[in-house]
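Asks: Right, I'll just put the structure down here and ask away after.
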Amino acid sequence: MTTRPATPRARTPQLAGRSGPPPSRERAASAGRSMARGARTAARVAGQGGRRALSVWRRSLQVRVVATTMLLGLVVVAVLGALLGQEISERLLESRRQQVQAQAEQGLDQFRLALEGSEATTPELLDQFVADQLLRLLGDGLEADRGVLLLRSPENAQPRYINDRNAGELLPSSIPTSLRAEVQRTGDQHAQSIALQGEDGVVPGLAVGQRVDLGPLAGAYELYFVFSLEREQETLERVQRVLGIGSVALVLLVGAVAWVVTRQVVAPVRQAAGVAARLSSGRLDERMPQRGEDDLARLAGSFNEMASSLQQQILRMEELSRVQRRFVSDVSHELRTPLTTIRMAGEVIHEARHDFDPAVSRSAELLATQLDRFESLLGDLLEISRFDAGAAALDAEPADVGEVVDHVVELIRPLAESRGSRLRTHLTPTPCMAELDTRRVERILRNLVVNALEHGEGRPIDITVGADADAIAVVVRDYGVGMRPEDSAHVFDRFWRADPARARTTGGSGLGLAISLEDAHLHGGDLEAWGLPGRGAAFRLTLPRRAGAAVSTSPLPLQATGRTAVPRDA
Amino acid sequence: MKGRVLVVDDDTALSEMIGIVLRGEGLEPSFCADGDSALEAFRAARPDLVLLDLMLPGKDGIEVCRLIRAESGVPIVMLTAKSDTVDIVLGLESGADDYVPKPFKPKELVARVRARLRHTDQPVPESLSIGDLSIDVAGHSVRRGDTAIQLTPLEFDLLVALARRPWQVFSREVLLEQVWGYRHAADTRLVNVHVQRLRSKIEHDPEHPEIVVTVRGVGYKAGPA
C-alpha cells in the first residue's frame, strides 16, 4: 500500500478532481480550534450580563467554582472528543478503504478474466464488450455505490478504437490528474480521496485506479473505480453529533455536581459570614448551628467558641467599664461631701481672717486658694476617668462657634487684663454653625486661651475662627515663650510640663489639655499644637460640622504664616 | 421673719457646717440624717425651704423629694454630688426647684437659699391674666374660672414672670436670672424641666401648649390671651 491514509472532511467545499489528502497537521489545528471555541463559549457564558456577572463572579465563591469546573470539564471533554472522533473516523475510513480496494481488485480480476475469454476480435466487438463489462462492474443493489471509468492511457500508441468510457454518472474529469499520473507511472493500484458532487452538495469519495491492457488491438487503458463515502460520512456525522451532545451533557452534569458540592460547603461559610456580621453589630448571642462531626461542624464549633470567648471578653470589658464608672461616681460622691465641708469651713475661716494674727490669717488664705486648686484638680481627675471609662457622652446641638469664642473671651477677659495680654478675635463674617457640645467646646477654648495667657508673656493672643464645608477650626496663637517642636507632641500628655522648673502661677491641674484633646476626639475632631522657642505657640482645634463625622483636613493652617512675627503692639 | 431651713443630709459634718453657715445668715436650720425619717422631720419642722441630699440612707433623695412635694409646695433645693446629668434631671422632675452641685461655696448655697426664700418676703397686690388663667400675685393663687390650680412657689414665679410681660420672649438664661436668681448662665435644663411641669398643671393639652408657648431657638413666651 503506497497511498497515504486519507480522511474525508465533512462538508468541506472542494473542487471536484482537485483534492489531495488533507494533512494531519490541519486536523490537529481543527481540534485546537474547537477547543478554543469551547473555552470562548465558557468565557462568554461566565461573562454574560457584563458587569453584573462580573460582580457575581467576584462575590460568589460558588459561581467561581462552578464556572471553573465547567471550563476545565469542557477542555477535557473537547480533547477527549477530538481524539475519539479522530480515532473513529480513521478506523471507519480505513476499513472502508480496504474494502474498496478489495472490491476494485476483484472487479479488475473479473474484467481481465472476461477479457481473456472474450472473442471480440474487431474493434466494434471490443467496444461493445468493454461497455457490457463496465456495466457489470457497476454492480447492483447495495453494491451500486460506485462509478467505473475506463480511460485511455496517454502513452497508448494503438489506433483509438475505444473511446474513454464511463458507467454511472461520473465524468473522466472526476479522476484527479495526480492519481492518473501515479497509475500511469507504476501501473499498480492506487487510491486517492476525492470530492464528489452529490445530490445535496459535495460528498467525500475514494477513487481507485489501475492499468489494464485491452490486448494488442486496443492497447493500454486505465480502469478507475470511484466509490462514494456518503454513508460513512453520515455515520461519522452521527457519531460526532452524539459525542457533542454527550459532551455538553457531561459538562452540564459536572457543573451541576460542582454546584451541589460547593453549595454544601459554601452555605455554612455564608451562614458563618452572616452570623459574624450579626455578632459584630452587637448581637452577641448569635451562634452557628452545629450538626454532625465533619469539617463544617468543626468550623461551626470553632466559630461558636470564638464568639463565646469574644462575648465573655466584651461582657468582662463592659463589667469593668461599669465598675469603673461606678467607682468614679462613688469616689465623686465620697470625696465631694467632705470636700464641701472643708471648703465651707475654710471659707468661714477665710471670712474671719482679719481677726487672727498674721500667720493664721495667711494660713487661712492659703487654705482657701489651695482648696480651689484641689477642687479643680478633683474635677479634672473625675472628668478624665469618665473619659477612660468610656462614660463621656456628647451632648451636641447646632451652635455658632463664633458665639462660643466670644463667650469664652468675655469670661477670660478679666484674667487677660490682669496679665496685660490683649485677646484679639478674628471671626468669620457669617455665623459658623456646627454640631457642638457647647459645654465641652467652651472648656477646650477656655483651656487653650488660659494656657496661652500663662505662656504668652503679656503679648497679644490671636483667636482665629475658620470654616469649610465639612469642618470648623479655631486657632489660638500666642507670641510668648513658645515651646520646642518635640514638646508639641507631649503637651497633651497628662501632668506634662514643658519646664518642670517653671512656676505654676495659675495653678492648672496639668490635665487641662489632656481633657481638651479627649473633648475634641469625642466630637470626632482633633486638637494639635505647634510651637517654636521664643516665637510662641499655636493650638488648633478642628471639629466636624456634623458631630462624629470624619475630618481629614482643617480649614485653618496650624501655623498662620502671616502672623508669625511678634506684633509691635505687644 | 421666715427662715426655717430643713437640711436632709446623712453627712453630719456637712450638715453641721451648713448649719453654721445658715445661722450666720440669720436662718434657722433643723436637721435630718436619713431618708426614712425625712418626711416626719419635715412635718415637725414645717420649714420654709428644704436642702436635700440626693444620696441618703433609707429612702433616697428623689423619693423624699416626691413625698414632700406631694403634700407641700415648699421650695426644695437638691445637694448633688453626682454630676451625672440623669440624676439632676430626675431630681428636678421629682419636684426639686433647684440644685447646688457639691462642692459648693457657702456664698453659692446662701444665694440659692435666699433666692428661693426671697419671693415670700413682700407680697405686692397685683392681678394678672395669662391665657384663660387669672393670677392673684399677692394671694399666691392661680384660677381657671372658679377652679384653683395648685402650683409650687417656683412654678408660680415662672408663670408670673411670663404673665407680667406677655409681649416678651424670655430666653432660658433670662428666666434663670429672674426666677431662679442666677447671675451667670447655669443649667438651662432647670428651665426646661420646670416649664414641662408647669404645663402639665395649667395647659388643657400639655402636648400642644397654649399658655406657655415655646419659641424655637429662643425660649418661651406667654400665649395669646
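Simple scheme: letters A, B, ... for chains in C-alpha cells order, numbers from 1 for residues in each chain, numbers from 1 for ligands in the order shown.
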Give me the residues of chain B that have any atom at most 10 Å from an atom of chain A; for each, the nearest atom pair and the distance in Å, rounded to one decimal. Use only C-alpha atoms, sort by chain and number, and format it as CSV.
Replies:
```
residue,atom,partner,partner_atom,distance
B:Asp9,CA,A:Thr337,CA,10.0
B:Asp11,CA,A:Thr337,CA,7.5
B:Thr12,CA,A:Thr341,CA,9.8
B:Ala13,CA,A:Thr341,CA,6.7
B:Leu14,CA,A:Thr341,CA,4.9
B:Ser15,CA,A:Thr341,CA,8.4
B:Glu16,CA,A:Thr341,CA,8.7
B:Met17,CA,A:Thr341,CA,6.2
B:Ile18,CA,A:Met344,CA,7.8
B:Ile20,CA,A:Val348,CA,9.0
B:Val21,CA,A:Val348,CA,7.7
B:Gly24,CA,A:Val348,CA,9.5
B:Met55,CA,A:His333,CA,8.7
B:Leu79,CA,A:Thr337,CA,9.7
B:Thr80,CA,A:His333,CA,8.4
B:Ala81,CA,A:His333,CA,4.9
B:Lys82,CA,A:His333,CA,6.2
B:Ser83,CA,A:Ser329,CA,8.4
B:Asp84,CA,A:Ser329,CA,8.2
B:Pro101,CA,A:Arg336,CA,9.3
B:Lys102,CA,A:Arg336,CA,5.9
B:Pro103,CA,A:Thr340,CA,4.4
B:Phe104,CA,A:Thr340,CA,6.0
B:Lys105,CA,A:Met344,CA,6.0
B:Pro106,CA,A:Met344,CA,5.5
B:Lys107,CA,A:Glu347,CA,9.0
B:Leu109,CA,A:Met344,CA,9.9
```
Asks: So that I can see what lies close to Ile76 (chain B), please list as a PDB file with C-alpha atoms, in the first residue's frame the residues with an atom at most 9 Å from it, counting only C-alpha atoms and leaving out residues fewer than 4 positions away in the same chain.
Replies:
```
ATOM      1  CA  LEU B  49     -37.121  75.553 102.485  1.00  0.00           C
ATOM      2  CA  VAL B  50     -35.613  72.086 102.267  1.00  0.00           C
ATOM      3  CA  LEU B  51     -31.973  71.350 101.442  1.00  0.00           C
ATOM      4  CA  LEU B  52     -31.984  67.743 100.313  1.00  0.00           C
ATOM      5  CA  CYS B  65     -38.499  64.911  97.218  1.00  0.00           C
ATOM      6  CA  ILE B  68     -42.583  66.276 100.290  1.00  0.00           C
ATOM      7  CA  ARG B  69     -43.835  67.673  97.004  1.00  0.00           C
ATOM      8  CA  GLY B  95     -40.206  68.167  92.218  1.00  0.00           C
ATOM      9  CA  ALA B  96     -36.990  69.895  93.234  1.00  0.00           C
ATOM     10  CA  ASP B  97     -36.859  73.594  92.366  1.00  0.00           C
ATOM     11  CA  ASP B  98     -33.118  73.981  92.080  1.00  0.00           C
ATOM     12  CA  TYR B  99     -29.870  72.189  92.761  1.00  0.00           C
ATOM     13  CA  ARG B 116     -35.870  80.635  96.887  1.00  0.00           C
TER      14      ARG B 116
END
```
Asks: Env of Asp380 (chain A): 8 Å cut, atoms = only C-alpha atoms, seq-sep filter 2 positions within chain, self excluded. Answer as an MDAnalysis selection string.
Replies: chainID A and resid 376:378 382:384 509 511:512 515
Asks: Can I get the selection written as a PDB file, in the first residue's frame, with N, CA and C atoms?
Replies:
```pdb
ATOM      1  N   SER A 376     -10.432  71.948  91.628  1.00  0.00           N
ATOM      2  CA  SER A 376     -10.345  71.871  90.161  1.00  0.00           C
ATOM      3  C   SER A 376      -9.599  70.616  89.743  1.00  0.00           C
ATOM      4  N   LEU A 377      -8.597  70.241  90.560  1.00  0.00           N
ATOM      5  CA  LEU A 377      -7.861  69.016  90.263  1.00  0.00           C
ATOM      6  C   LEU A 377      -8.777  67.803  90.375  1.00  0.00           C
ATOM      7  N   LEU A 378      -9.573  67.778  91.427  1.00  0.00           N
ATOM      8  CA  LEU A 378     -10.509  66.667  91.607  1.00  0.00           C
ATOM      9  C   LEU A 378     -11.491  66.608  90.439  1.00  0.00           C
ATOM     10  N   LEU A 382     -11.787  63.487  87.862  1.00  0.00           N
ATOM     11  CA  LEU A 382     -13.049  62.776  87.652  1.00  0.00           C
ATOM     12  C   LEU A 382     -13.445  62.822  86.185  1.00  0.00           C
ATOM     13  N   GLU A 383     -13.183  63.968  85.568  1.00  0.00           N
ATOM     14  CA  GLU A 383     -13.543  64.116  84.162  1.00  0.00           C
ATOM     15  C   GLU A 383     -12.720  63.151  83.307  1.00  0.00           C
ATOM     16  N   ILE A 384     -11.415  63.083  83.582  1.00  0.00           N
ATOM     17  CA  ILE A 384     -10.563  62.233  82.761  1.00  0.00           C
ATOM     18  C   ILE A 384     -10.875  60.758  83.016  1.00  0.00           C
ATOM     19  N   SER A 509      -4.272  72.120  86.613  1.00  0.00           N
ATOM     20  CA  SER A 509      -4.163  70.775  87.167  1.00  0.00           C
ATOM     21  C   SER A 509      -3.158  69.929  86.401  1.00  0.00           C
ATOM     22  N   LEU A 511      -4.029  68.606  83.685  1.00  0.00           N
ATOM     23  CA  LEU A 511      -4.906  67.708  82.927  1.00  0.00           C
ATOM     24  C   LEU A 511      -5.723  68.461  81.886  1.00  0.00           C
ATOM     25  N   GLY A 512      -5.628  69.783  81.923  1.00  0.00           N
ATOM     26  CA  GLY A 512      -6.494  70.611  81.068  1.00  0.00           C
ATOM     27  C   GLY A 512      -6.410  70.255  79.597  1.00  0.00           C
ATOM     28  N   ILE A 515      -7.691  66.742  78.801  1.00  0.00           N
ATOM     29  CA  ILE A 515      -9.161  66.713  78.754  1.00  0.00           C
ATOM     30  C   ILE A 515      -9.649  67.366  77.466  1.00  0.00           C
TER      31      ILE A 515
END
```
Asks: Quick check for you: according to DSSP on this backbone, which residues of region 6-127 of chain B are classed as strand (DSSP E or B)? Reply as a list in words.
Replies: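 Written out, the strand (DSSP E or B) residues of region 6-127 of chain B are Leu6, Val7, Val8, Glu28, Pro29, Ser30, Phe31, Cys32, Leu49, Val50, Leu51, Leu52, Asp53, Ile76, Val77, Met78, Leu79, Thr80, Asp98, Tyr99, Val100, Pro101 and Ser127 of chain B.
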Asks: Could you write out that same residue set with C-alpha atoms as a short mmCIF file (atom, residue, chain, number, x, y, z; two decimals), in the first residue's frame?
Replies:
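So selection37.cif came out as:
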```
data_model
loop_
_atom_site.label_atom_id
_atom_site.label_comp_id
_atom_site.auth_asym_id
_atom_site.auth_seq_id
_atom_site.Cartn_x
_atom_site.Cartn_y
_atom_site.Cartn_z
CA LEU B 6 -34.57 71.71 106.91
CA VAL B 7 -31.24 70.13 105.99
CA VAL B 8 -31.60 66.47 104.99
CA GLU B 28 -32.93 78.67 111.42
CA PRO B 29 -31.66 75.26 110.38
CA SER B 30 -33.03 71.92 111.52
CA PHE B 31 -31.55 68.56 110.59
CA CYS B 32 -32.46 65.11 109.48
CA LEU B 49 -37.12 75.55 102.49
CA VAL B 50 -35.61 72.09 102.27
CA LEU B 51 -31.97 71.35 101.44
CA LEU B 52 -31.98 67.74 100.31
CA ASP B 53 -29.07 65.44 99.60
CA ILE B 76 -36.68 72.18 97.61
CA VAL B 77 -33.01 72.64 96.71
CA MET B 78 -31.07 69.46 95.99
CA LEU B 79 -27.48 68.97 97.07
CA THR B 80 -25.91 66.78 94.40
CA ASP B 98 -33.12 73.98 92.08
CA TYR B 99 -29.87 72.19 92.76
CA VAL B 100 -26.42 73.01 94.10
CA PRO B 101 -23.61 70.75 92.96
CA SER B 127 -53.59 90.78 89.46
#
```
Asks: I need the helix (DSSP H, G or I) residues of region 196-229 of chain A per DSSP on the backbone, written as an mmCIF file with C-alpha atoms, in the first residue's frame.
Replies:
```cif
data_model
loop_
_atom_site.group_PDB
_atom_site.id
_atom_site.type_symbol
_atom_site.label_atom_id
_atom_site.label_comp_id
_atom_site.auth_asym_id
_atom_site.auth_seq_id
_atom_site.Cartn_x
_atom_site.Cartn_y
_atom_site.Cartn_z
ATOM 1 C CA GLY A 215 -4.810 -6.548 -25.749
ATOM 2 C CA PRO A 216 -2.963 -5.804 -28.937
ATOM 3 C CA LEU A 217 -5.997 -4.375 -30.576
ATOM 4 C CA ALA A 218 -6.687 -1.513 -28.190
#
```
Asks: Could you jot down the CA of Asp157 (chain B) to CA of Ala44 (chain B) separation for me, Å, one decimal place?
Replies: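 Atom-to-atom, CA of Asp157 (chain B) to CA of Ala44 (chain B), that is 26.7 Å.
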Asks: Could you tell me which of B:Ser141, B:Ser134, B:Ser37, B:Ser94 comes closest to Ile211 (chain B) if we count only C-alpha atoms?
Replies: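 Result for the nearest residue to Ile211 (chain B): B:Ser134.
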Asks: Pick out the residues sitting within 10 Å of region 517-519 of chain A, and hand them over as a list in words; count only C-alpha atoms, and ignore anything fewer than 3 positions along from it in its own chain.
Replies: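 Skipping anything fewer than 3 positions along the chain leaves Glu383, Ile384, Phe387, Asp388, Ala392, Ala393, Leu394, Asp437, Arg439, Arg440, Val441, Arg443, Ile444, Phe492, Asp493, Leu511, Gly512, Leu513, Ala514, Leu522, His523, Gly524, Gly525, Asp526, Leu527, Glu528 and Leu541 of chain A.
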Asks: Using N, CA and C atoms, can you export the residues from the last selection as an mmCIF file, in the first residue's frame?
Replies:
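Contents of again_12.cif, freshly written:
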```cif
data_model
loop_
_atom_site.group_PDB
_atom_site.id
_atom_site.type_symbol
_atom_site.label_atom_id
_atom_site.label_comp_id
_atom_site.auth_asym_id
_atom_site.auth_seq_id
_atom_site.Cartn_x
_atom_site.Cartn_y
_atom_site.Cartn_z
ATOM 1 N N GLU A 383 -13.183 63.968 85.568
ATOM 2 C CA GLU A 383 -13.543 64.116 84.162
ATOM 3 C C GLU A 383 -12.720 63.151 83.307
ATOM 4 N N ILE A 384 -11.415 63.083 83.582
ATOM 5 C CA ILE A 384 -10.563 62.233 82.761
ATOM 6 C C ILE A 384 -10.875 60.758 83.016
ATOM 7 N N PHE A 387 -13.723 59.844 80.897
ATOM 8 C CA PHE A 387 -13.302 59.523 79.516
ATOM 9 C C PHE A 387 -12.727 58.117 79.464
ATOM 10 N N ASP A 388 -11.875 57.794 80.450
ATOM 11 C CA ASP A 388 -11.229 56.478 80.446
ATOM 12 C C ASP A 388 -12.252 55.367 80.561
ATOM 13 N N ALA A 392 -18.109 59.223 78.925
ATOM 14 C CA ALA A 392 -18.344 60.583 78.451
ATOM 15 C C ALA A 392 -19.310 60.559 77.269
ATOM 16 N N ALA A 393 -20.352 61.340 77.367
ATOM 17 C CA ALA A 393 -21.330 61.365 76.289
ATOM 18 C C ALA A 393 -21.359 62.747 75.649
ATOM 19 N N LEU A 394 -21.540 62.757 74.347
ATOM 20 C CA LEU A 394 -21.573 64.023 73.623
ATOM 21 C C LEU A 394 -23.003 64.545 73.605
ATOM 22 N N ASP A 437 -21.005 70.269 71.389
ATOM 23 C CA ASP A 437 -21.368 70.182 72.801
ATOM 24 C C ASP A 437 -20.771 71.442 73.410
ATOM 25 N N ARG A 439 -20.716 72.994 76.138
ATOM 26 C CA ARG A 439 -20.002 72.944 77.413
ATOM 27 C C ARG A 439 -18.563 72.470 77.189
ATOM 28 N N ARG A 440 -18.423 71.432 76.345
ATOM 29 C CA ARG A 440 -17.081 70.884 76.111
ATOM 30 C C ARG A 440 -16.229 71.828 75.266
ATOM 31 N N VAL A 441 -16.855 72.421 74.226
ATOM 32 C CA VAL A 441 -16.081 73.314 73.365
ATOM 33 C C VAL A 441 -15.632 74.536 74.162
ATOM 34 N N ARG A 443 -15.026 74.563 77.279
ATOM 35 C CA ARG A 443 -13.952 74.104 78.154
ATOM 36 C C ARG A 443 -12.630 74.021 77.390
ATOM 37 N N ILE A 444 -12.699 73.498 76.152
ATOM 38 C CA ILE A 444 -11.477 73.419 75.335
ATOM 39 C C ILE A 444 -10.896 74.814 75.132
ATOM 40 N N PHE A 492 -0.160 67.312 75.268
ATOM 41 C CA PHE A 492 -1.461 66.741 75.618
ATOM 42 C C PHE A 492 -1.319 65.579 76.606
ATOM 43 N N ASP A 493 -0.078 65.244 76.960
ATOM 44 C CA ASP A 493 0.112 64.179 77.944
ATOM 45 C C ASP A 493 -0.372 64.652 79.308
ATOM 46 N N LEU A 511 -4.029 68.606 83.685
ATOM 47 C CA LEU A 511 -4.906 67.708 82.927
ATOM 48 C C LEU A 511 -5.723 68.461 81.886
ATOM 49 N N GLY A 512 -5.628 69.783 81.923
ATOM 50 C CA GLY A 512 -6.494 70.611 81.068
ATOM 51 C C GLY A 512 -6.410 70.255 79.597
ATOM 52 N N LEU A 513 -5.173 70.182 79.059
ATOM 53 C CA LEU A 513 -5.035 69.915 77.630
ATOM 54 C C LEU A 513 -5.395 68.468 77.303
ATOM 55 N N ALA A 514 -5.105 67.549 78.258
ATOM 56 C CA ALA A 514 -5.477 66.143 78.038
ATOM 57 C C ALA A 514 -6.995 66.022 77.926
ATOM 58 N N LEU A 522 -13.996 63.369 71.173
ATOM 59 C CA LEU A 522 -15.395 62.981 71.390
ATOM 60 C C LEU A 522 -16.294 63.564 70.295
ATOM 61 N N HIS A 523 -15.923 64.737 69.793
ATOM 62 C CA HIS A 523 -16.675 65.349 68.690
ATOM 63 C C HIS A 523 -16.332 64.715 67.347
ATOM 64 N N GLY A 524 -15.260 63.898 67.327
ATOM 65 C CA GLY A 524 -14.753 63.395 66.047
ATOM 66 C C GLY A 524 -13.731 64.358 65.461
ATOM 67 N N GLY A 525 -13.303 65.316 66.246
ATOM 68 C CA GLY A 525 -12.341 66.312 65.761
ATOM 69 C C GLY A 525 -10.947 66.055 66.298
ATOM 70 N N ASP A 526 -10.119 67.101 66.236
ATOM 71 C CA ASP A 526 -8.738 66.920 66.672
ATOM 72 C C ASP A 526 -8.212 68.225 67.265
ATOM 73 N N LEU A 527 -7.156 68.078 68.043
ATOM 74 C CA LEU A 527 -6.504 69.223 68.660
ATOM 75 C C LEU A 527 -5.006 69.048 68.437
ATOM 76 N N GLU A 528 -4.387 70.072 67.816
ATOM 77 C CA GLU A 528 -2.961 69.944 67.502
ATOM 78 C C GLU A 528 -2.199 71.150 68.033
ATOM 79 N N LEU A 541 -7.872 73.758 67.092
ATOM 80 C CA LEU A 541 -8.990 72.847 67.338
ATOM 81 C C LEU A 541 -9.765 72.698 66.038
#
```
Asks: Here is a test: counting only C-alpha atoms, which residue of B:Arg165, B:Arg143, B:Lys201, B:Arg189 is nearest to Lys221 (chain B)?
Replies: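 Of all the options, B:Arg165 lies closest to Lys221 (chain B).
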Asks: What's the 12 Å shell around Arg283 (chain A), counting only C-alpha atoms, without same-chain residues fewer than 4 positions away, as a ChimeraX atom specification?
Replies: /A:274-279,287,307-308,310-311,314
Asks: What does the file look like for those residues with C-alpha atoms, as a PDB file, in the first residue's frame?
Replies:
```
ATOM      1  CA  GLY A 274     -23.969  36.249  58.332  1.00  0.00           C
ATOM      2  CA  VAL A 275     -23.568  35.233  61.961  1.00  0.00           C
ATOM      3  CA  ALA A 276     -20.249  37.080  62.145  1.00  0.00           C
ATOM      4  CA  ALA A 277     -21.900  40.205  60.743  1.00  0.00           C
ATOM      5  CA  ARG A 278     -24.689  39.984  63.312  1.00  0.00           C
ATOM      6  CA  LEU A 279     -22.143  39.400  66.062  1.00  0.00           C
ATOM      7  CA  ARG A 287     -24.296  31.272  67.150  1.00  0.00           C
ATOM      8  CA  ALA A 307     -17.959  34.004  69.556  1.00  0.00           C
ATOM      9  CA  SER A 308     -18.354  32.822  73.150  1.00  0.00           C
ATOM     10  CA  LEU A 310     -15.482  37.296  72.369  1.00  0.00           C
ATOM     11  CA  GLN A 311     -18.765  37.623  74.189  1.00  0.00           C
ATOM     12  CA  ILE A 314     -16.855  42.042  75.813  1.00  0.00           C
TER      13      ILE A 314
END
```
Asks: Quick one: distance from CA of Ala471 (chain A) to CA of Arg545 (chain A) in Å, one decimal?
Replies: 4.9 Å
Asks: List the neighbours of Phe156 (chain B) out to 9 Å using only C-alpha atoms; skip same-chain residues closer than 4 positions along the sequence, and give me the result as an mmCIF file with N, CA and C atoms, in the first residue's frame.
Replies:
```cif
data_model
loop_
_atom_site.group_PDB
_atom_site.id
_atom_site.type_symbol
_atom_site.label_atom_id
_atom_site.label_comp_id
_atom_site.auth_asym_id
_atom_site.auth_seq_id
_atom_site.Cartn_x
_atom_site.Cartn_y
_atom_site.Cartn_z
ATOM 1 N N VAL B 137 -51.282 87.713 92.473
ATOM 2 C CA VAL B 137 -49.883 87.599 92.860
ATOM 3 C C VAL B 137 -49.725 87.640 94.374
ATOM 4 N N HIS B 140 -51.047 84.624 95.963
ATOM 5 C CA HIS B 140 -50.323 83.439 95.533
ATOM 6 C C HIS B 140 -51.241 82.354 95.029
ATOM 7 N N SER B 141 -52.232 82.759 94.209
ATOM 8 C CA SER B 141 -53.140 81.732 93.704
ATOM 9 C C SER B 141 -53.394 81.925 92.214
ATOM 10 N N VAL B 142 -53.664 80.801 91.561
ATOM 11 C CA VAL B 142 -53.967 80.807 90.137
ATOM 12 C C VAL B 142 -55.320 80.145 89.976
ATOM 13 N N GLN B 150 -53.203 74.374 91.915
ATOM 14 C CA GLN B 150 -52.104 74.360 92.878
ATOM 15 C C GLN B 150 -50.769 74.376 92.144
ATOM 16 N N LEU B 151 -49.991 75.424 92.439
ATOM 17 C CA LEU B 151 -48.648 75.482 91.864
ATOM 18 C C LEU B 151 -47.648 75.615 93.002
ATOM 19 N N THR B 152 -46.441 75.100 92.782
ATOM 20 C CA THR B 152 -45.372 75.340 93.762
ATOM 21 C C THR B 152 -44.937 76.791 93.604
ATOM 22 N N VAL B 160 -45.748 83.852 86.683
ATOM 23 C CA VAL B 160 -45.891 85.296 86.875
ATOM 24 C C VAL B 160 -44.892 86.054 85.994
ATOM 25 N N ALA B 161 -43.655 85.530 85.935
ATOM 26 C CA ALA B 161 -42.639 86.204 85.119
ATOM 27 C C ALA B 161 -43.089 86.286 83.665
ATOM 28 N N LEU B 198 -44.885 72.883 84.784
ATOM 29 C CA LEU B 198 -45.901 73.932 84.813
ATOM 30 C C LEU B 198 -46.979 73.635 83.786
#
```
Asks: For Gly73 (chain B), which residue among B:Val195, B:Val212, B:Leu154, B:Leu190 is the nearest when counting only C-alpha atoms?
Replies: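 Smallest distance to Gly73 (chain B) is found for B:Leu154.
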Asks: Could you work out how far CA of Ala191 (chain A) lies from CA of Tyr224 (chain A), giving the answer in Å with one decimal?
Replies: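 We find that CA of Tyr224 (chain A) and CA of Ala191 (chain A) lie 9.4 Å from each other.
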